[in-house]
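The next block is data31.txt, given as compact mmCIF, C-alpha atoms.
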```txt
# COMPACT_ATOMS: atom_id res chain seq x y z
CA MET A 1 34.94 10.46 10.98
CA ILE A 2 36.05 8.77 7.73
CA LEU A 3 35.86 5.37 9.41
CA ASN A 4 32.35 6.08 10.76
CA SER A 5 31.04 7.18 7.36
CA GLY A 6 32.67 4.20 5.68
CA PHE A 7 31.08 1.80 8.16
CA PHE A 8 27.68 3.51 7.68
CA VAL A 9 27.86 3.12 3.87
CA TYR A 10 29.03 -0.49 4.25
CA THR A 11 26.08 -1.31 6.57
CA ILE A 12 23.57 0.27 4.18
CA ILE A 13 24.96 -1.67 1.23
CA ARG A 14 24.77 -4.89 3.26
CA VAL A 15 21.11 -4.20 4.14
CA LEU A 16 20.28 -3.50 0.48
CA ILE A 17 22.01 -6.70 -0.67
CA CYS A 18 20.08 -8.66 1.97
CA LEU A 19 16.80 -7.11 0.80
CA ILE A 20 17.46 -7.75 -2.89
CA GLY A 21 18.85 -11.24 -2.40
CA CYS A 22 16.41 -12.37 0.26
CA HIS A 23 14.83 -15.76 -0.24
CA ASN A 24 11.57 -14.90 1.46
CA TYR A 25 9.03 -14.76 -1.39
CA GLN A 26 6.66 -12.30 0.30
CA LEU A 27 9.46 -9.98 1.40
CA LYS A 28 10.90 -10.04 -2.11
CA ARG A 29 7.50 -9.10 -3.57
CA LEU A 30 7.15 -6.30 -1.03
CA ALA A 31 10.64 -5.05 -1.94
CA ILE A 32 9.80 -5.03 -5.68
CA LEU A 33 6.44 -3.30 -5.12
CA THR A 34 8.13 -0.75 -2.86
CA LEU A 35 10.69 0.04 -5.55
CA GLN A 36 7.92 0.33 -8.16
CA TYR A 37 6.13 2.84 -5.92
CA TYR A 38 9.32 4.62 -4.83
CA ARG A 39 10.63 5.14 -8.36
CA SER A 40 8.03 7.88 -8.90
CA LEU A 41 9.22 9.65 -5.72
CA LEU A 42 12.94 9.07 -6.24
CA LEU A 43 13.90 12.26 -8.08
CA TYR A 44 11.91 14.45 -5.72
CA ASN A 45 13.39 12.78 -2.63
CA VAL A 46 16.98 12.84 -3.89
CA ALA A 47 16.64 16.53 -4.73
CA PHE A 48 15.15 17.21 -1.30
CA THR A 49 17.93 15.27 0.46
CA CYS A 50 20.60 17.24 -1.41
CA LEU A 51 18.78 20.48 -0.57
CA ILE A 52 18.61 19.80 3.19
CA SER A 53 22.22 18.66 3.18
CA PHE A 54 23.32 21.98 1.67
CA LEU A 55 20.98 24.01 3.90
CA PHE A 56 21.99 22.42 7.19
CA GLY A 57 25.45 21.21 6.19
CA PHE A 58 26.48 17.55 5.76
CA ASN A 59 27.93 17.38 9.28
CA ALA A 60 24.79 18.73 10.92
CA VAL A 61 22.65 16.15 9.14
CA VAL A 62 24.94 13.27 10.15
CA THR A 63 25.46 14.35 13.76
CA ASN A 64 21.90 15.50 14.44
CA PRO A 65 19.47 12.71 13.56
CA ILE A 66 16.46 14.83 14.61
CA ILE A 67 17.12 17.35 11.81
CA PHE A 68 17.65 14.48 9.40
CA LEU A 69 14.46 12.64 10.39
CA PHE A 70 12.31 15.80 10.47
CA ALA A 71 13.54 16.83 7.04
CA LYS A 72 13.01 13.34 5.63
CA ILE A 73 9.49 12.98 7.06
CA THR A 74 8.50 16.40 5.70
CA GLY A 75 9.97 15.69 2.28
CA PHE A 76 8.51 12.20 2.04
CA VAL A 77 5.02 13.26 3.13
CA CYS A 78 5.03 16.05 0.50
CA ALA A 79 6.21 13.66 -2.23
CA ALA A 80 3.64 11.02 -1.21
CA ALA A 81 0.85 13.63 -1.16
CA LEU A 82 1.84 14.79 -4.65
CA HIS A 83 1.82 11.17 -5.82
CA TYR A 84 -1.62 10.66 -4.23
CA TYR A 85 -3.11 13.59 -6.17
CA SER A 86 -1.53 12.57 -9.47
CA ALA A 87 -1.66 8.76 -9.36
CA ASN A 88 -3.98 7.45 -6.64
CA LYS A 89 -5.77 5.29 -9.21
CA THR A 90 -2.66 3.10 -9.41
CA TYR A 91 -3.08 2.20 -5.72
CA PHE A 92 -5.43 -0.56 -6.87
CA TYR A 93 -2.42 -2.23 -8.50
CA PHE A 94 -0.63 -2.49 -5.14
CA ARG A 95 -3.80 -3.61 -3.36
CA ASN A 96 -4.43 -6.28 -6.00
CA ALA A 97 -0.90 -7.48 -5.31
CA GLY A 98 -2.10 -8.06 -1.72
CA TYR A 99 -0.58 -5.08 0.10
CA SER A 100 -2.14 -2.03 1.70
CA MET A 101 -0.84 1.40 0.76
CA ARG A 102 0.12 1.90 4.40
CA TRP A 103 2.60 -0.99 4.11
CA ILE A 104 3.92 0.17 0.76
CA GLY A 105 4.27 3.75 2.06
CA LEU A 106 6.07 2.65 5.24
CA SER A 107 8.51 0.43 3.40
CA ALA A 108 9.09 3.18 0.80
CA PHE A 109 9.85 5.59 3.66
CA ALA A 110 12.34 3.11 5.15
CA PHE A 111 13.94 2.79 1.73
CA ASP A 112 13.99 6.58 1.39
CA ILE A 113 15.87 6.87 4.70
CA LEU A 114 18.42 4.35 3.39
CA VAL A 115 18.87 6.24 0.13
CA ALA A 116 19.22 9.58 1.94
CA ALA A 117 21.68 8.13 4.44
CA LEU A 118 23.67 6.67 1.57
CA ILE A 119 23.78 10.05 -0.25
CA ILE A 120 24.71 12.02 2.86
CA SER A 121 27.32 9.63 4.21
CA SER A 122 28.99 9.09 0.83
CA SER A 123 29.05 12.87 0.23
CA ASN A 124 30.49 13.30 3.70
CA LEU A 125 33.12 10.69 2.97
CA ILE A 126 34.10 12.38 -0.30
CA PHE A 127 34.32 15.80 1.39
CA SER A 128 36.41 14.37 4.24
CA LEU A 129 38.83 12.84 1.76
CA CYS A 130 39.04 15.85 -0.56
CA LEU A 131 39.09 18.75 1.92
CA PRO A 132 42.13 19.27 4.15
CA MET B 1 -15.04 -24.26 -1.27
CA PHE B 2 -15.11 -20.65 0.02
CA THR B 3 -18.18 -18.48 0.46
CA LEU B 4 -18.04 -14.70 0.48
CA LYS B 5 -20.79 -13.07 2.53
CA VAL B 6 -21.59 -9.38 2.54
CA ASP B 7 -24.13 -8.19 5.06
CA SER B 8 -25.54 -5.03 6.64
CA VAL B 9 -23.50 -2.54 4.63
CA GLN B 10 -24.34 1.06 5.46
CA LEU B 11 -22.85 3.90 3.46
CA GLU B 12 -23.74 7.59 3.53
CA PHE B 13 -22.44 10.60 1.61
CA ASP B 14 -23.48 14.05 2.89
CA ASP B 15 -26.38 12.57 4.89
CA ARG B 16 -27.64 10.80 1.76
CA LYS B 17 -27.97 7.06 2.31
CA ILE B 18 -26.28 5.26 -0.60
CA LEU B 19 -26.33 1.72 0.79
CA GLN B 20 -28.48 0.65 3.73
CA ASP B 21 -29.76 -2.87 3.36
CA VAL B 22 -27.23 -4.89 1.41
CA HIS B 23 -26.99 -8.65 1.69
CA LEU B 24 -25.26 -10.87 -0.82
CA GLN B 25 -23.46 -14.15 -0.94
CA CYS B 26 -21.06 -15.54 -3.54
CA LYS B 27 -19.63 -19.03 -3.62
CA GLN B 28 -16.58 -20.16 -5.54
CA GLY B 29 -17.80 -21.44 -8.91
CA GLU B 30 -20.52 -18.79 -9.10
CA VAL B 31 -20.90 -15.54 -11.05
CA ILE B 32 -23.10 -12.89 -9.44
CA GLY B 33 -24.32 -10.09 -11.71
CA LEU B 34 -24.85 -6.79 -9.93
CA LEU B 35 -27.11 -4.33 -11.73
CA GLY B 36 -28.33 -0.89 -10.80
CA ARG B 37 -28.89 2.61 -12.09
CA ASN B 38 -26.19 5.31 -12.15
CA GLY B 39 -25.33 6.39 -8.63
CA SER B 40 -27.03 3.38 -7.04
CA GLY B 41 -23.80 2.44 -5.26
CA LYS B 42 -22.58 -0.56 -7.29
CA SER B 43 -18.96 0.60 -7.49
CA SER B 44 -19.02 1.74 -3.87
CA LEU B 45 -20.25 -1.68 -2.79
CA LEU B 46 -17.45 -3.41 -4.70
CA LYS B 47 -14.88 -1.05 -3.17
CA ILE B 48 -16.28 -1.75 0.30
CA ILE B 49 -15.99 -5.52 -0.24
CA PHE B 50 -12.45 -5.04 -1.58
CA GLY B 51 -11.52 -2.88 1.41
CA ALA B 52 -10.67 0.32 -0.46
CA LEU B 53 -13.70 2.24 0.88
CA ILE B 54 -14.68 2.36 4.55
CA PRO B 55 -18.44 2.57 5.18
CA ALA B 56 -20.29 3.42 8.41
CA TYR B 57 -20.85 -0.30 8.93
CA LYS B 58 -20.18 -3.55 7.09
CA TYR B 59 -19.86 -7.23 7.64
CA VAL B 60 -17.75 -9.00 5.02
CA SER B 61 -16.65 -12.56 5.65
CA ILE B 62 -15.12 -15.51 3.85
CA ASN B 63 -16.29 -18.82 5.29
CA ASP B 64 -17.76 -16.89 8.24
CA VAL B 65 -14.39 -15.36 9.12
CA TYR B 66 -14.68 -11.56 9.20
CA ILE B 67 -12.27 -9.77 6.88
CA GLN B 68 -11.37 -6.12 7.30
CA LYS B 69 -9.53 -5.65 4.01
CA GLY B 70 -10.55 -7.93 1.16
CA TYR B 71 -7.28 -7.47 -0.70
CA HIS B 72 -5.19 -8.52 2.29
CA GLU B 73 -3.33 -11.78 1.51
CA ASN B 74 -4.88 -11.79 -1.97
CA ARG B 75 -8.31 -13.01 -0.86
CA ILE B 76 -10.19 -10.66 -3.22
CA ALA B 77 -9.08 -8.95 -6.46
CA TYR B 78 -10.81 -5.91 -7.92
CA LEU B 79 -10.95 -4.52 -11.45
CA PRO B 80 -11.78 -0.80 -11.09
CA GLN B 81 -13.65 1.19 -13.75
CA HIS B 82 -10.52 3.17 -14.55
CA ASN B 83 -7.01 2.11 -15.60
CA TYR B 84 -4.97 1.09 -12.58
CA LEU B 85 -1.54 -0.03 -13.86
CA PRO B 86 1.30 2.38 -12.94
CA ARG B 87 3.00 4.17 -15.83
CA GLY B 88 6.66 3.80 -16.72
CA ILE B 89 7.00 0.12 -15.74
CA PRO B 90 7.04 -2.68 -18.37
CA ILE B 91 3.94 -4.88 -18.45
CA ASN B 92 5.93 -8.07 -17.74
CA LYS B 93 7.23 -6.63 -14.44
CA LEU B 94 3.74 -5.56 -13.39
CA ALA B 95 2.20 -8.88 -14.39
CA ARG B 96 4.71 -10.84 -12.27
CA MET B 97 3.31 -9.14 -9.17
CA LEU B 98 -0.34 -9.85 -9.95
CA ILE B 99 -0.48 -13.23 -11.65
CA ASP B 100 -0.87 -16.43 -9.68
CA PRO B 101 2.46 -18.33 -10.13
CA GLN B 102 0.43 -21.50 -10.77
CA HIS B 103 -1.21 -19.87 -13.80
CA TRP B 104 1.83 -17.96 -15.04
CA ASP B 105 2.54 -20.30 -17.99
CA GLU B 106 -1.05 -20.04 -19.17
CA PHE B 107 -1.05 -16.23 -18.85
CA SER B 108 2.35 -15.75 -20.46
CA ASN B 109 1.17 -17.71 -23.51
CA LEU B 110 -1.71 -15.32 -24.18
CA SER B 111 -1.11 -13.49 -27.46
CA ILE B 112 -2.01 -10.06 -26.03
CA TYR B 113 0.64 -10.49 -23.31
CA LYS B 114 3.34 -11.80 -25.67
CA GLU B 115 2.70 -8.88 -28.00
CA HIS B 116 3.02 -6.17 -25.33
CA LEU B 117 5.12 -7.62 -22.51
CA ARG B 118 7.98 -5.13 -22.92
CA LYS B 119 5.75 -2.10 -23.43
CA LYS B 120 4.65 0.28 -20.70
CA ALA B 121 1.04 1.12 -19.83
CA GLU B 122 1.21 4.52 -21.56
CA GLN B 123 2.39 2.91 -24.82
CA LEU B 124 -0.77 0.80 -25.17
CA SER B 125 -4.13 1.80 -26.63
CA GLY B 126 -7.12 2.09 -24.26
CA GLY B 127 -8.58 -1.24 -25.42
CA GLU B 128 -5.28 -3.13 -25.18
CA LEU B 129 -4.60 -1.76 -21.71
CA ARG B 130 -8.11 -2.60 -20.52
CA GLN B 131 -7.77 -6.15 -21.86
CA LEU B 132 -4.44 -6.68 -20.09
CA GLU B 133 -5.72 -5.17 -16.84
CA MET B 134 -8.77 -7.42 -16.95
CA LEU B 135 -6.67 -10.53 -17.64
CA MET B 136 -4.25 -9.67 -14.83
CA ILE B 137 -7.18 -9.65 -12.41
CA LEU B 138 -8.69 -12.87 -13.75
CA TYR B 139 -5.33 -14.69 -13.48
CA ASN B 140 -4.73 -13.31 -9.96
CA LYS B 141 -4.51 -15.87 -7.19
CA ALA B 142 -7.45 -14.33 -5.29
CA ASP B 143 -10.42 -16.59 -4.49
CA PHE B 144 -12.93 -13.89 -5.43
CA MET B 145 -12.92 -11.34 -8.24
CA LEU B 146 -14.87 -8.09 -8.35
CA LEU B 147 -15.22 -6.75 -11.88
CA ASP B 148 -16.43 -3.17 -12.25
CA GLU B 149 -17.56 -2.43 -15.81
CA PRO B 150 -15.30 -4.93 -17.60
CA PHE B 151 -17.22 -4.57 -20.90
CA THR B 152 -16.93 -0.80 -21.09
CA HIS B 153 -14.44 0.57 -23.66
CA VAL B 154 -13.94 -2.82 -25.31
CA THR B 155 -15.05 -4.02 -28.74
CA PRO B 156 -17.87 -6.63 -29.04
CA ILE B 157 -15.29 -9.27 -30.00
CA GLN B 158 -13.20 -8.49 -26.94
CA GLY B 159 -16.39 -8.57 -24.86
CA ASP B 160 -17.18 -12.09 -26.12
CA TYR B 161 -13.59 -13.13 -25.36
CA PHE B 162 -13.95 -11.74 -21.80
CA LYS B 163 -17.18 -13.67 -21.32
CA GLU B 164 -15.47 -16.92 -22.28
CA ILE B 165 -12.62 -16.28 -19.86
CA ILE B 166 -14.99 -15.24 -17.07
CA LYS B 167 -16.94 -18.49 -17.50
CA SER B 168 -13.72 -20.50 -17.50
CA VAL B 169 -12.25 -18.75 -14.43
CA SER B 170 -15.55 -18.95 -12.54
CA GLN B 171 -15.21 -22.73 -12.33
CA THR B 172 -12.75 -22.24 -9.47
CA LYS B 173 -13.37 -18.65 -8.35
CA GLY B 174 -16.27 -16.57 -7.18
CA ILE B 175 -16.98 -13.54 -9.37
CA ILE B 176 -19.14 -10.46 -8.80
CA ILE B 177 -19.59 -8.45 -11.97
CA THR B 178 -21.29 -5.15 -12.68
CA ASP B 179 -21.73 -3.33 -15.96
CA HIS B 180 -24.29 -1.13 -17.71
CA GLN B 181 -24.22 -3.55 -20.66
CA TYR B 182 -26.76 -5.68 -18.78
CA TYR B 183 -27.12 -8.27 -21.58
CA ASN B 184 -23.44 -9.19 -21.18
CA VAL B 185 -23.91 -9.42 -17.40
CA LEU B 186 -27.02 -11.61 -17.87
CA ASP B 187 -25.06 -13.85 -20.27
CA VAL B 188 -22.32 -14.74 -17.80
CA SER B 189 -24.16 -14.59 -14.46
CA ASP B 190 -25.63 -17.46 -12.46
CA LYS B 191 -27.55 -15.06 -10.20
CA ILE B 192 -28.64 -11.46 -10.64
CA ILE B 193 -28.86 -8.90 -7.87
CA LEU B 194 -30.33 -5.45 -8.41
CA LEU B 195 -29.26 -2.50 -6.30
CA ASN B 196 -32.34 -0.33 -5.89
CA ASP B 197 -32.68 2.53 -3.38
CA GLY B 198 -29.61 1.27 -1.52
CA CYS B 199 -31.07 -2.22 -1.06
CA THR B 200 -30.26 -5.50 -2.80
CA LYS B 201 -33.10 -7.25 -4.62
CA HIS B 202 -32.49 -10.81 -5.70
CA ILE B 203 -33.81 -11.16 -9.24
CA SER B 204 -35.24 -14.52 -10.30
CA HIS B 205 -36.64 -13.44 -13.68
CA VAL B 206 -35.58 -10.74 -16.15
CA ASP B 207 -39.09 -9.24 -16.06
CA GLU B 208 -38.44 -8.17 -12.49
CA LEU B 209 -35.87 -5.72 -13.86
CA ILE B 210 -38.79 -3.96 -15.57
CA THR B 211 -40.85 -4.07 -12.38
CA TYR B 212 -38.05 -2.31 -10.50
CA HIS B 213 -37.70 0.23 -13.38
CA TYR B 214 -34.19 -0.87 -14.29
CA LEU B 215 -35.33 -1.79 -17.82
CA SER B 216 -37.97 0.14 -19.73
CA GLY B 217 -39.78 -2.91 -21.05
CA VAL B 218 -39.85 -1.50 -24.60
CA LYS B 219 -38.60 -4.15 -27.03
```
Re-express the file's structure as structure tokens.
Amino acid sequence: MILNSGFFVYTIIRVLICLIGCHNYQLKRLAILTLQYYRSLLLYNVAFTCLISFLFGFNAVVTNPIIFLFAKITGFVCAAALHYYSANKTYFYFRNAGYSMRWIGLSAFAFDILVAALIISSSNLIFSLCLP
Amino acid sequence: MFTLKVDSVQLEFDDRKILQDVHLQCKQGEVIGLLGRNGSGKSSLLKIIFGALIPAYKYVSINDVYIQKGYHENRIAYLPQHNYLPRGIPINKLARMLIDPQHWDEFSNLSIYKEHLRKKAEQLSGGELRQLEMLMILYNKADFMLLDEPFTHVTPIQGDYFKEIIKSVSQTKGIIITDHQYYNVLDVSDKIILLNDGCTKHISHVDELITYHYLSGVK
């Protein structure tokens, strides 16, 4: 269990490093724009991830990907809808950068999954180490 | 040399025809002034060309190649009427995403940018923000620029400064501009198009604006 969680965290960190350090100009721009969009959803999504982890239990979230995905999709759609109602005028910034909001939203969702997986697996790792 | 063609745009809201017979063409090196009364569909037309609004029908092409979304691959840039820069992010980080790398040195030497590069959108005054947003569009790498009310909320001096930059940028880009300050639009435009009853009328003389009841004719 500890090994699995450790490997999961390691893989996520590797993916993040690859994304940040990538040499592809377009991919790098997409990554920066995604982070600029995602930063407004970050707090909401982190809070939601913690909430579902406590509601369903860390183990249930890790072992049952359907619960995890369903909860993440619901949370992300709510956060994105809230962002749409409060800041849809800023979508022209992303479009003027050459990207559709569908692309930005999809890549933000992928990033959200990574962040959630990182939170859950690192919490799981800490609990496994601390609890007998 | 690229040519932007817009043809057969049809847009309806609640069974009311907003745009029905729209044809326009803009070449690189040209400024097209788009005039029309409130609610005539000027902003909607620009959004349709940009790809942010989906009409019942449209044909938008660049060099006869149909384009679904104008903003895709930075073919067309659009300055909306409202502020569009996200809050909470420093101007220099936002500018990096919008400015053409080839023109970065020129843009980064502008005094307005140097003065505010570390500030965030919400820390700027309305006029300063509008000026920066306008410049970020004009220094974008897009081949065509759509400017929706660029002279609104700016001082006359800033307006003159915008006109100079528009003329300079239009040497290599195609620009479609709309504003209720028609004299500024007339100053910078090579061609004038009037949107009247959802149709485009190509204006060859200012007096035609009176004929179509856009201007009152009272001097």
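Distance annotation: of B:Arg37, B:His153, B:His72, B:Lys5, the residue with the minimal separation from chain A is B:His72; atom set is only C-alpha atoms.
Here CA of Ile137 in chain B and CA of Ile62 in chain B stand 19.0 Å from one another.
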Using only C-alpha atoms, which residues sit within 12 Å of Thr155 in chain B once same-chain residues fewer than 6 positions away are excluded, as a VMD selection string? chain B and resid 126 to 128 130 to 131 161 to 162
Dump of C-alpha atoms for the selected residues, as a compact mmCIF listing (two decimals), in the coordinates of the input:
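Output file result26.txt follows:
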```
# COMPACT_ATOMS: atom_id res chain seq x y z
CA GLY B 126 -7.12 2.09 -24.26
CA GLY B 127 -8.58 -1.24 -25.42
CA GLU B 128 -5.28 -3.13 -25.18
CA ARG B 130 -8.11 -2.60 -20.52
CA GLN B 131 -7.77 -6.15 -21.86
CA TYR B 161 -13.59 -13.13 -25.36
CA PHE B 162 -13.95 -11.74 -21.80
```
Lys93 in chain B proximity check over B:Asn63, B:Gln81, B:Ser108, B:Thr3, using only C-alpha atoms: winner is B:Ser108
Tell me which of B:Ile54, B:Ile193, B:Ile166, B:Leu146 sits closest to Ala77 in chain B, counting all atoms listed in the file. B:Leu146
May I have the residues of chain B within 6 Å of chain A, counting all atoms listed in the file, written as an mmCIF file with C-alpha atoms, in the frame of the given file?
```cif
data_model
loop_
_atom_site.group_PDB
_atom_site.id
_atom_site.type_symbol
_atom_site.label_atom_id
_atom_site.label_comp_id
_atom_site.auth_asym_id
_atom_site.auth_seq_id
_atom_site.Cartn_x
_atom_site.Cartn_y
_atom_site.Cartn_z
ATOM 1 C CA TYR B 71 -7.280 -7.470 -0.700
ATOM 2 C CA HIS B 72 -5.190 -8.520 2.290
ATOM 3 C CA GLU B 73 -3.330 -11.780 1.510
ATOM 4 C CA ASN B 74 -4.880 -11.790 -1.970
ATOM 5 C CA ALA B 77 -9.080 -8.950 -6.460
ATOM 6 C CA TYR B 84 -4.970 1.090 -12.580
ATOM 7 C CA LEU B 85 -1.540 -0.030 -13.860
ATOM 8 C CA PRO B 86 1.300 2.380 -12.940
ATOM 9 C CA MET B 97 3.310 -9.140 -9.170
ATOM 10 C CA LEU B 98 -0.340 -9.850 -9.950
#
```
Which polymer residues have any atom within 10 Å of an atom of Lys42 in chain B, counting all atoms listed in the file, with same-chain residues fewer than 2 positions away left out, as a PyMOL selection string? chain B and resi 18-19+34-40+44-48+148+177-179+194-196+198
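In this structure, CA of Asn92 in chain B sits 6.3 Å away from CA of Arg118 in chain B.
Each of A:Leu43, A:Ala116, A:Ile66, A:Cys50 was checked against Ala79 in chain A using only C-alpha atoms; the smallest atom-to-atom distance is that of A:Leu43.
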Å distance separating CA of Pro101 in chain B from CA of Ala121 in chain B, one decimal place: 21.8 Å
List every protein, DNA or RNA residue with an atom no more than 12 Å from (-13.9, -8.0, 7.8) in the file's coordinates, counting only C-alpha atoms, and format the result as a CSV table (one decimal) with C-alpha atoms, in the frame of the given file.
```csv
chain,number,residue,atom,x,y,z
B,4,LEU,CA,-18.0,-14.7,0.5
B,5,LYS,CA,-20.8,-13.1,2.5
B,6,VAL,CA,-21.6,-9.4,2.5
B,7,ASP,CA,-24.1,-8.2,5.1
B,9,VAL,CA,-23.5,-2.5,4.6
B,48,ILE,CA,-16.3,-1.8,0.3
B,49,ILE,CA,-16.0,-5.5,-0.2
B,50,PHE,CA,-12.4,-5.0,-1.6
B,51,GLY,CA,-11.5,-2.9,1.4
B,54,ILE,CA,-14.7,2.4,4.6
B,55,PRO,CA,-18.4,2.6,5.2
B,57,TYR,CA,-20.8,-0.3,8.9
B,58,LYS,CA,-20.2,-3.6,7.1
B,59,TYR,CA,-19.9,-7.2,7.6
B,60,VAL,CA,-17.8,-9.0,5.0
B,61,SER,CA,-16.6,-12.6,5.6
B,62,ILE,CA,-15.1,-15.5,3.8
B,63,ASN,CA,-16.3,-18.8,5.3
B,64,ASP,CA,-17.8,-16.9,8.2
B,65,VAL,CA,-14.4,-15.4,9.1
B,66,TYR,CA,-14.7,-11.6,9.2
B,67,ILE,CA,-12.3,-9.8,6.9
B,68,GLN,CA,-11.4,-6.1,7.3
B,69,LYS,CA,-9.5,-5.6,4.0
B,70,GLY,CA,-10.6,-7.9,1.2
B,71,TYR,CA,-7.3,-7.5,-0.7
B,72,HIS,CA,-5.2,-8.5,2.3
B,75,ARG,CA,-8.3,-13.0,-0.9
B,76,ILE,CA,-10.2,-10.7,-3.2
```
Is it possible to produce a file of range 6-26 of chain B from this structure, with N, CA and C atoms, as a JSON list (two decimals), in the first residue's frame?
```json
[["chain", "number", "residue", "atom", "x", "y", "z"],
["B", 6, "VAL", "N", -15.98, 37.68, -45.25],
["B", 6, "VAL", "CA", -17.13, 37.33, -44.42],
["B", 6, "VAL", "C", -18.36, 37.43, -45.32],
["B", 7, "ASP", "N", -19.13, 36.36, -45.35],
["B", 7, "ASP", "CA", -20.22, 36.30, -46.32],
["B", 7, "ASP", "C", -21.43, 35.57, -45.72],
["B", 8, "SER", "N", -22.60, 36.00, -46.14],
["B", 8, "SER", "CA", -23.86, 35.30, -45.84],
["B", 8, "SER", "C", -24.05, 35.00, -44.36],
["B", 9, "VAL", "N", -23.78, 35.98, -43.51],
["B", 9, "VAL", "CA", -23.97, 35.77, -42.07],
["B", 9, "VAL", "C", -25.45, 35.94, -41.75],
["B", 10, "GLN", "N", -26.00, 34.99, -41.04],
["B", 10, "GLN", "CA", -27.40, 35.09, -40.62],
["B", 10, "GLN", "C", -27.49, 34.87, -39.12],
["B", 11, "LEU", "N", -28.02, 35.87, -38.43],
["B", 11, "LEU", "CA", -28.13, 35.78, -36.97],
["B", 11, "LEU", "C", -29.52, 36.23, -36.54],
["B", 12, "GLU", "N", -30.12, 35.44, -35.68],
["B", 12, "GLU", "CA", -31.46, 35.79, -35.16],
["B", 12, "GLU", "C", -31.46, 35.68, -33.64],
["B", 13, "PHE", "N", -32.19, 36.60, -32.99],
["B", 13, "PHE", "CA", -32.45, 36.49, -31.56],
["B", 13, "PHE", "C", -33.96, 36.57, -31.37],
["B", 14, "ASP", "N", -34.56, 35.56, -30.77],
["B", 14, "ASP", "CA", -36.01, 35.54, -30.52],
["B", 14, "ASP", "C", -36.81, 35.89, -31.79],
["B", 15, "ASP", "N", -36.49, 35.22, -32.87],
["B", 15, "ASP", "CA", -37.17, 35.40, -34.16],
["B", 15, "ASP", "C", -36.96, 36.80, -34.76],
["B", 16, "ARG", "N", -36.09, 37.60, -34.15],
["B", 16, "ARG", "CA", -35.79, 38.91, -34.73],
["B", 16, "ARG", "C", -34.48, 38.80, -35.50],
["B", 17, "LYS", "N", -34.52, 39.12, -36.79],
["B", 17, "LYS", "CA", -33.31, 38.99, -37.61],
["B", 17, "LYS", "C", -32.35, 40.14, -37.31],
["B", 18, "ILE", "N", -31.18, 39.81, -36.78],
["B", 18, "ILE", "CA", -30.18, 40.84, -36.46],
["B", 18, "ILE", "C", -29.27, 41.06, -37.67],
["B", 19, "LEU", "N", -28.78, 39.97, -38.21],
["B", 19, "LEU", "CA", -27.91, 40.04, -39.39],
["B", 19, "LEU", "C", -28.47, 39.09, -40.45],
["B", 20, "GLN", "N", -28.60, 39.57, -41.68],
["B", 20, "GLN", "CA", -29.16, 38.68, -42.71],
["B", 20, "GLN", "C", -28.46, 38.76, -44.05],
["B", 21, "ASP", "N", -27.82, 39.87, -44.32],
["B", 21, "ASP", "CA", -27.19, 40.00, -45.64],
["B", 21, "ASP", "C", -25.85, 40.72, -45.47],
["B", 22, "VAL", "N", -24.91, 40.00, -44.87],
["B", 22, "VAL", "CA", -23.63, 40.64, -44.52],
["B", 22, "VAL", "C", -22.52, 40.12, -45.43],
["B", 23, "HIS", "N", -21.87, 41.02, -46.10],
["B", 23, "HIS", "CA", -20.73, 40.67, -46.94],
["B", 23, "HIS", "C", -19.65, 41.71, -46.69],
["B", 24, "LEU", "N", -18.49, 41.26, -46.28],
["B", 24, "LEU", "CA", -17.36, 42.20, -46.22],
["B", 24, "LEU", "C", -16.05, 41.49, -46.44],
["B", 25, "GLN", "N", -15.09, 42.29, -46.82],
["B", 25, "GLN", "CA", -13.78, 41.75, -47.17],
["B", 25, "GLN", "C", -12.71, 42.69, -46.61],
["B", 26, "CYS", "N", -11.68, 42.12, -46.02],
["B", 26, "CYS", "CA", -10.61, 42.95, -45.45],
["B", 26, "CYS", "C", -9.27, 42.33, -45.82]]
```
